[in-house]
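S.K.: Next comes the structure file final-v3.txt, holding compact mmCIF, C-alpha atoms.
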# COMPACT_ATOMS: atom_id res chain seq x y z
CA MET U 5 115.43 72.74 77.43
CA ILE U 6 118.29 75.20 76.91
CA ALA U 7 118.08 76.29 80.55
CA SER U 8 118.45 72.70 81.74
CA VAL U 9 121.49 72.23 79.47
CA VAL U 10 123.08 75.34 80.99
CA ASN U 11 122.35 74.01 84.49
CA ALA U 12 123.97 70.65 83.69
CA ALA U 13 126.99 72.40 82.18
CA ALA U 14 127.39 74.55 85.29
CA ILE U 15 127.45 71.42 87.45
CA LEU U 16 130.06 69.81 85.21
CA ILE U 17 132.29 72.90 85.21
CA GLY U 18 131.93 73.39 88.95
CA GLY U 19 132.60 69.71 89.56
CA LEU U 20 135.75 69.78 87.43
CA LEU U 21 137.03 72.80 89.34
CA GLY U 22 136.30 71.01 92.59
CA LEU U 23 138.33 67.99 91.48
CA LEU U 24 141.27 70.26 90.68
CA PHE U 25 141.29 71.47 94.27
CA LYS U 26 140.55 68.04 95.75
CA ASN U 27 144.16 67.03 96.36
CA ASN U 28 144.87 70.33 98.08
CA ILE U 29 142.12 69.93 100.65
CA LYS U 30 142.80 67.71 103.67
CA GLU U 31 140.20 65.21 104.80
CA LYS U 32 139.40 67.10 107.98
CA TYR U 33 138.72 70.21 105.92
CA SER U 34 136.52 68.25 103.51
CA GLN U 35 134.52 66.89 106.42
CA ALA U 36 134.19 70.35 107.90
CA VAL U 37 133.00 71.70 104.53
CA GLN U 38 130.43 68.91 104.26
CA VAL U 39 129.04 69.72 107.71
CA GLY U 40 128.97 73.40 106.75
CA LEU U 41 127.08 72.59 103.55
CA GLY U 42 124.65 70.57 105.59
CA LEU U 43 124.07 73.60 107.78
CA CYS U 44 123.42 75.66 104.64
CA VAL U 45 121.05 73.12 103.13
CA MET U 46 119.03 72.72 106.34
CA PRO U 47 117.48 76.23 106.41
CA LEU U 48 116.84 76.07 102.64
CA GLY U 49 114.91 72.88 103.20
CA ILE U 50 113.03 74.35 106.15
CA LYS U 51 112.16 77.46 104.12
CA ASN U 52 110.73 75.34 101.33
CA ALA U 53 108.94 72.99 103.73
CA ILE U 54 107.08 75.78 105.51
CA GLY U 55 106.19 77.44 102.21
CA GLY U 56 103.28 75.07 101.62
CA ASN U 57 99.72 75.86 102.67
CA ASP U 58 98.29 72.34 102.92
CA THR U 59 99.92 70.33 105.70
CA LEU U 60 97.72 67.31 105.04
CA CYS U 61 98.85 67.28 101.41
CA VAL U 62 102.50 67.23 102.44
CA ILE U 63 101.93 64.43 104.98
CA VAL U 64 99.90 62.24 102.62
CA CYS U 65 102.30 62.77 99.71
CA MET U 66 105.34 62.02 101.88
CA VAL U 67 103.84 58.80 103.24
CA LEU U 68 102.62 57.54 99.87
CA GLY U 69 105.78 58.72 98.13
CA ILE U 70 108.04 56.90 100.58
CA LEU U 71 105.99 53.71 100.25
CA LEU U 72 106.20 53.97 96.47
CA GLY U 73 109.93 54.70 96.62
CA GLU U 74 110.53 51.71 98.88
CA LEU U 75 108.46 49.52 96.56
CA LEU U 76 110.45 50.69 93.53
CA LYS U 77 113.72 50.53 95.51
CA ILE U 78 114.80 53.89 94.10
CA GLU U 79 117.62 54.34 96.62
CA ASP U 80 119.02 50.88 95.82
CA ARG U 81 118.83 51.63 92.10
CA LEU U 82 120.65 54.93 92.61
CA ASP U 83 123.25 53.07 94.67
CA ARG U 84 123.76 50.51 91.92
CA THR U 85 123.95 53.23 89.27
CA GLY U 86 126.57 55.08 91.29
CA ASP U 87 128.54 51.88 91.92
CA LEU U 88 128.45 51.00 88.21
CA LEU U 89 129.73 54.43 87.24
CA LYS U 90 132.34 54.24 89.96
CA SER U 91 133.65 50.91 88.68
CA LYS U 92 133.95 52.31 85.16
CA PHE U 93 135.24 55.82 85.78
CA SER U 94 136.52 56.24 89.32
CA LYS U 95 140.17 55.47 90.00
CA THR U 96 139.80 55.79 93.74
CA GLY U 97 137.92 52.60 94.42
CA GLY U 98 137.97 50.84 97.76
CA ALA U 99 135.63 51.04 100.72
CA ASN U 100 136.42 54.69 101.33
CA SER U 101 135.34 55.88 97.92
CA ARG U 102 132.57 58.47 98.15
CA PHE U 103 131.55 58.29 94.51
CA THR U 104 128.03 56.99 95.18
CA GLU U 105 127.44 59.39 98.03
CA GLY U 106 128.51 62.32 95.89
CA PHE U 107 126.37 61.18 92.95
CA MET U 108 123.24 60.68 95.07
CA SER U 109 123.62 63.72 97.31
CA ALA U 110 124.30 66.08 94.41
CA THR U 111 121.52 64.61 92.25
CA ILE U 112 118.90 64.99 94.96
CA LEU U 113 120.14 68.36 96.22
CA PHE U 114 120.28 69.91 92.74
CA GLY U 115 116.98 68.29 91.70
CA VAL U 116 114.56 69.16 94.50
CA GLY U 117 113.50 72.51 95.82
CA THR U 118 111.66 75.60 94.75
CA MET U 119 114.05 76.75 92.04
CA ALA U 120 114.14 73.41 90.22
CA VAL U 121 110.37 73.04 90.21
CA VAL U 122 109.33 76.65 89.70
CA GLY U 123 112.18 77.37 87.29
CA SER U 124 111.36 74.40 85.07
CA ILE U 125 107.67 75.27 85.06
CA GLU U 126 108.39 78.92 84.27
CA ALA U 127 110.68 77.87 81.44
CA GLY U 128 108.07 75.51 80.03
CA ILE U 129 105.06 77.81 80.32
CA ASN U 130 106.49 81.28 79.72
CA SER U 131 109.92 80.55 78.14
CA ASN U 132 111.42 82.51 81.06
CA TYR U 133 114.82 81.03 81.95
CA ASP U 134 115.85 83.52 84.65
CA ILE U 135 115.19 81.19 87.58
CA ILE U 136 117.05 78.23 86.11
CA PHE U 137 119.97 80.42 85.07
CA SER U 138 120.20 81.74 88.64
CA LYS U 139 119.99 78.18 89.95
CA SER U 140 122.75 77.17 87.53
CA LEU U 141 125.12 79.67 89.12
CA ILE U 142 124.28 78.44 92.61
CA ASP U 143 124.62 74.77 91.57
CA GLY U 144 127.95 75.45 89.88
CA VAL U 145 129.42 77.00 93.03
CA THR U 146 127.98 74.21 95.16
CA ALA U 147 129.40 71.59 92.79
CA VAL U 148 132.90 72.97 93.35
CA ILE U 149 132.63 72.34 97.07
CA PHE U 150 130.78 69.05 96.70
CA ALA U 151 133.28 67.62 94.22
CA SER U 152 136.24 68.69 96.34
CA ALA U 153 134.66 66.91 99.30
CA MET U 154 132.98 63.88 97.67
CA GLY U 155 134.77 63.40 94.36
CA LEU U 156 133.90 62.40 90.81
CA GLY U 157 130.34 61.26 91.49
CA VAL U 158 129.18 64.87 91.70
CA LEU U 159 129.91 65.43 88.00
CA PHE U 160 127.65 62.55 86.97
CA SER U 161 124.71 64.19 88.74
CA ALA U 162 124.55 66.56 85.74
CA ALA U 163 122.91 63.83 83.62
CA PRO U 164 119.87 63.10 85.84
CA ILE U 165 119.46 66.83 86.50
CA LEU U 166 119.32 67.45 82.74
CA ILE U 167 116.72 64.71 82.33
CA TYR U 168 114.74 65.71 85.43
CA GLN U 169 114.53 69.44 84.78
CA GLY U 170 114.15 68.95 81.05
CA GLY U 171 111.30 66.54 81.73
CA LEU U 172 109.63 68.99 84.08
CA THR U 173 109.94 71.71 81.43
CA LEU U 174 108.36 69.51 78.77
CA LEU U 175 105.66 68.49 81.24
CA ALA U 176 104.95 72.14 82.01
CA MET U 177 104.67 72.91 78.30
CA THR U 178 102.08 70.14 77.95
CA LEU U 179 100.19 70.41 81.23
CA GLY U 180 100.88 74.04 82.12
CA PRO U 181 97.27 75.09 82.73
CA MET U 182 96.88 72.30 85.32
CA LEU U 183 99.91 73.35 87.40
CA SER U 184 98.44 75.94 89.73
CA ALA U 185 100.44 78.00 92.22
CA GLU U 186 99.06 75.80 95.00
CA VAL U 187 100.38 72.62 93.37
CA VAL U 188 103.84 74.14 92.86
CA ALA U 189 103.90 75.32 96.50
CA GLU U 190 103.14 71.84 97.84
CA MET U 191 105.68 70.20 95.50
CA SER U 192 108.30 72.59 96.82
CA ALA U 193 107.22 71.92 100.42
CA VAL U 194 107.69 68.18 99.96
CA GLY U 195 111.03 68.84 98.28
CA GLY U 196 112.02 70.94 101.29
CA LEU U 197 111.46 68.02 103.63
CA ILE U 198 113.68 65.85 101.46
CA MET U 199 116.37 68.56 101.56
CA ILE U 200 116.21 68.46 105.36
CA GLY U 201 116.85 64.71 105.18
CA ILE U 202 119.87 65.36 102.95
CA ALA U 203 121.20 67.90 105.44
CA ILE U 204 120.86 65.43 108.31
CA ASN U 205 122.79 62.81 106.32
CA MET U 206 125.49 65.31 105.36
CA MET U 207 126.04 66.38 108.96
CA GLY U 208 125.97 62.81 110.25
CA ILE U 209 123.71 63.73 113.15
CA SER U 210 121.62 60.57 112.86
CA ASN U 211 122.80 57.03 113.58
CA VAL U 212 120.48 55.78 110.84
CA LYS U 213 121.00 57.08 107.32
CA ILE U 214 117.81 58.57 105.89
CA ARG U 215 116.92 56.89 102.60
CA VAL U 216 116.15 60.16 100.85
CA GLY U 217 116.23 58.57 97.41
CA ASN U 218 113.08 56.63 98.21
CA MET U 219 111.31 59.90 99.06
CA LEU U 220 111.59 61.32 95.55
CA PRO U 221 108.18 60.15 94.26
CA ALA U 222 106.57 62.29 96.97
CA VAL U 223 107.65 65.46 95.14
CA PHE U 224 105.30 64.69 92.24
CA LEU U 225 102.28 63.41 94.16
CA PRO U 226 100.79 66.90 94.78
CA LEU U 227 100.11 66.92 91.04
CA ALA U 228 97.47 64.27 91.74
CA TYR U 229 96.56 65.14 95.32
CA MET U 230 95.58 68.79 94.88
CA PRO U 231 93.09 68.32 92.01
CA LEU U 232 91.65 65.24 93.77
CA ALA U 233 91.27 67.13 97.08
CA GLU U 234 89.58 70.01 95.27
CA LEU U 235 87.19 67.60 93.55
CA ILE U 236 86.29 65.87 96.80
CA GLY U 237 85.88 69.23 98.52
CA GLY U 238 83.49 70.35 95.81
CA LEU U 239 81.42 67.19 96.11
CA THR U 240 81.21 67.39 99.89
CA GLY U 241 80.64 71.14 99.95
CA ARG U 242 83.82 71.91 101.90
Take the structure in the file and write it out as C-alpha cells.
M.R.:
Amino acid sequence: MIASVVNAAAILIGGLLGLLFKNNIKEKYSQAVQVGLGLCVMPLGIKNAIGGNDTLCVIVCMVLGILLGELLKIEDRLDRTGDLLKSKFSKTGGANSRFTEGFMSATILFGVGTMAVVGSIEAGINSNYDIIFSKSLIDGVTAVIFASAMGLGVLFSAAPILIYQGGLTLLAMTLGPMLSAEVVAEMSAVGGLIMIGIAINMMGISNVKIRVGNMLPAVFLPLAYMPLAELIGGLTGR
C-alpha cells in the first residue's frame, strides 16, 4: 500500500504545482498543451493495446465491459461525483469549469495502463515497489500539466487512484498465483484501448465524446476470461 500512497501524494503535489502556474498560462496555451498531451497518450495507449496476445479476449472483454459500464452508468456516476466535488471545492464554477473533465481524465489516465496494473501486482506479490515509484514520478509531472490546463479536479483524482491501486495490490496479495503473465498482458491491452479513447477526447478529434468511464469494467474482465478460455480449450482439446 505504501507505493500507492506515494503515487497519490505525487499527483497531489504535481496538481498543486500546476494550479500555481494556472493563472500564468493563457487559454490557447492550455488547449495546445492538452492536444500535446493527447498526442503523448495516444502512442502509450497503442503500445499497451498491441502488447496483448489474445485479440479475441480483448474484443470480448471490451464489449462486455462497455455493456456492464453502461448498465452501471459509471460515466454518469463519475460525472456526478466530479460535479459534487466541484460545487463544494471549486471556486470557478459556471459552464466553462473543467473540474469534472480534469477529475475524470486524470483518474482514468493515471489508473489504466501497464504500469498501474503490473506495478500493483508486483507490489502485492513480491513487495517490489520500483514500478509504482517510477509511475509516481511520471504521474506527478503529468499532474502539473493537467492541473494547469484543467484545474482543481486533477488533484481529486489522487483518491480513486489510491483506492484503485491499493485494491489491486491487496488483490494481488490474495490471488497472486492466479494472475498469470497472460492475464496481466490482456488487462494492459484493454487498458491501452481505453487510453486511446482518452487521447481522442483530449484532442477533440471526434464529434462524439467517447464515454471512456463506462469502459473501465473491461480492464478486469480478463481475470475471468483467460481462465475460462483455458478451461474450455482443455475440454475441447484446443
S.K.: Hey, could you pull the box centre and edge lengths for stretch 139-147 of chain U, axis-aligned, 3 Å padding per side, all listed atoms, to one decimal in Å, as lines of an AutoDock Vina configuration file?
M.R.:
center_x = 124.7
center_y = 75.6
center_z = 91.3
size_x = 15.4
size_y = 14.1
size_z = 13.6
S.K.: I need the residue nearest U:Phe137 from this list: U:Met119, U:Ala233, U:Val194, U:Leu227. Use only C-alpha atoms for the distance.
M.R.: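 Using only C-alpha atoms, U:Phe137 sits closest to U:Met119.
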S.K.: Find the residue from U:Gly208, U:Gly201, U:Gly115, U:Pro47 that sits nearest to U:Gln169; use all atoms listed in the file when measuring.
M.R.: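 Among the listed residues, U:Gly115 lies closest to U:Gln169.
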S.K.: So the first atom is atom CA of U:Asn132 and the second is atom CA of U:Asn57; what is the distance between them in Å, to one decimal place?
M.R.: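 Going from atom CA of U:Asn132 over to atom CA of U:Asn57, I get 25.5 Å.
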S.K.: For the interface of stretch 100-159 of chain U with stretch 59-81 of chain U (cut-off 12 Å, counting all atoms listed in the file), please tabulate each contacting residue of stretch 100-159 of chain U alongside its nearest pair of atoms and their separation in Å to one decimal, rows sorted by chain and increasing number, as a Markdown table.
M.R.:
| residue | atom | partner | partner_atom | distance |
| --- | --- | --- | --- | --- |
| U:Thr104 | CA | U:Glu79 | CA | 10.8 |
| U:Glu105 | CA | U:Glu79 | CA | 11.1 |
| U:Phe107 | CA | U:Glu79 | CA | 11.7 |
| U:Met108 | CA | U:Glu79 | CA | 8.6 |
| U:Ser109 | CA | U:Glu79 | CA | 11.2 |
| U:Thr111 | CA | U:Glu79 | CA | 11.8 |
| U:Ile112 | CA | U:Glu79 | CA | 10.9 |
S.K.: Looking at U:Gly40, U:Gly171, U:Lys51, U:Leu88, which one is nearest to U:Gly196, with distances taken over all atoms listed in the file?
M.R.: U:Lys51
S.K.: Name the closest residue to U:Ser131 among the candidates U:Ala7, U:Leu232, U:Ala193, U:Ala12; distances are taken between atoms, counting only C-alpha atoms.
M.R.: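 Closest to U:Ser131 of all the choices is U:Ala7.
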S.K.: Between U:Asp143, U:Leu179, U:Glu186, U:Leu24, which residue has the minimum interatomic distance to U:Glu234, considering all atoms listed in the file?
M.R.: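 The shortest atom-to-atom distance to U:Glu234 comes from U:Glu186.
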S.K.: Could you tell me how far atom CA of U:Ile198 lies from atom CA of U:Ile54, in Å and to one decimal?
M.R.: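 Computing it gives 12.6 Å between the two atoms.
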S.K.: Between atom CA of U:Tyr168 and atom CA of U:Arg215, what is the distance in Å, rounded to a tenth?
M.R.: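 We find that atom CA of U:Tyr168 and atom CA of U:Arg215 lie 19.4 Å from each other.
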S.K.: Which one is closest to U:Ile200: U:Ala53, U:Val188, U:Ile136, U:Ile129? Count only C-alpha atoms.
M.R.: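 Closest to U:Ile200 of all the choices is U:Ala53.
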S.K.: Could you give me, as a list in words, the residues that have an atom at most 9 Å away from the point (126.9, 62.0, 89.7) in the coordinates of the file, using all atoms listed in the file?
M.R.: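 Nearby residues: Gly86, Leu89, Phe103, Thr104, Glu105, Gly106, Phe107, Met108, Ser109, Ala110, Thr111, Leu156, Gly157, Val158, Leu159, Phe160, Ser161, Ala162, Ala163 and Pro164 of chain U.
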S.K.: Which residues, written as a VMD selection string, have at least one atom at most 10 Å from U:Leu197, with only C-alpha atoms counted and residues fewer than 5 positions away on the same chain left out?
M.R.: chain U and resid 46 48 to 54 62 66 116 to 117 192 202 to 203 216 219 223
S.K.: As number ranges by chain, please: the residues near U:Ser8 (cut-off 7 Å, all atoms listed in the file, same-chain neighbours under 2 positions excluded).
M.R.: U: 5-6, 10-12, 166, 169-170
S.K.: Keeping only C-alpha atoms, write the selected residues to a file as an mmCIF file, in the frame of the given file.
M.R.:
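The new file out-v9.cif reads:
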data_model
loop_
_atom_site.group_PDB
_atom_site.id
_atom_site.type_symbol
_atom_site.label_atom_id
_atom_site.label_comp_id
_atom_site.auth_asym_id
_atom_site.auth_seq_id
_atom_site.Cartn_x
_atom_site.Cartn_y
_atom_site.Cartn_z
ATOM 1 C CA MET U 5 115.430 72.740 77.430
ATOM 2 C CA ILE U 6 118.290 75.200 76.910
ATOM 3 C CA VAL U 10 123.080 75.340 80.990
ATOM 4 C CA ASN U 11 122.350 74.010 84.490
ATOM 5 C CA ALA U 12 123.970 70.650 83.690
ATOM 6 C CA LEU U 166 119.320 67.450 82.740
ATOM 7 C CA GLN U 169 114.530 69.440 84.780
ATOM 8 C CA GLY U 170 114.150 68.950 81.050
#
S.K.: Which residues are close to stretch 173-177 of chain U, i.e. within 6 Å by only C-alpha atoms, leaving aside same-chain residues fewer than 5 positions away? Reply as a list in words.
M.R.: Ser124, Ile125, Gly128 and Ile129 of chain U
S.K.: Export C-alpha atoms of the chosen residues as a PDB file, in the coordinates of the input?
M.R.:
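Once everything was written out, this is result_15.pdb:
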ATOM      1  CA  SER U 124     111.360  74.400  85.070  1.00  0.00           C
ATOM      2  CA  ILE U 125     107.670  75.270  85.060  1.00  0.00           C
ATOM      3  CA  GLY U 128     108.070  75.510  80.030  1.00  0.00           C
ATOM      4  CA  ILE U 129     105.060  77.810  80.320  1.00  0.00           C
TER       5      ILE U 129
END
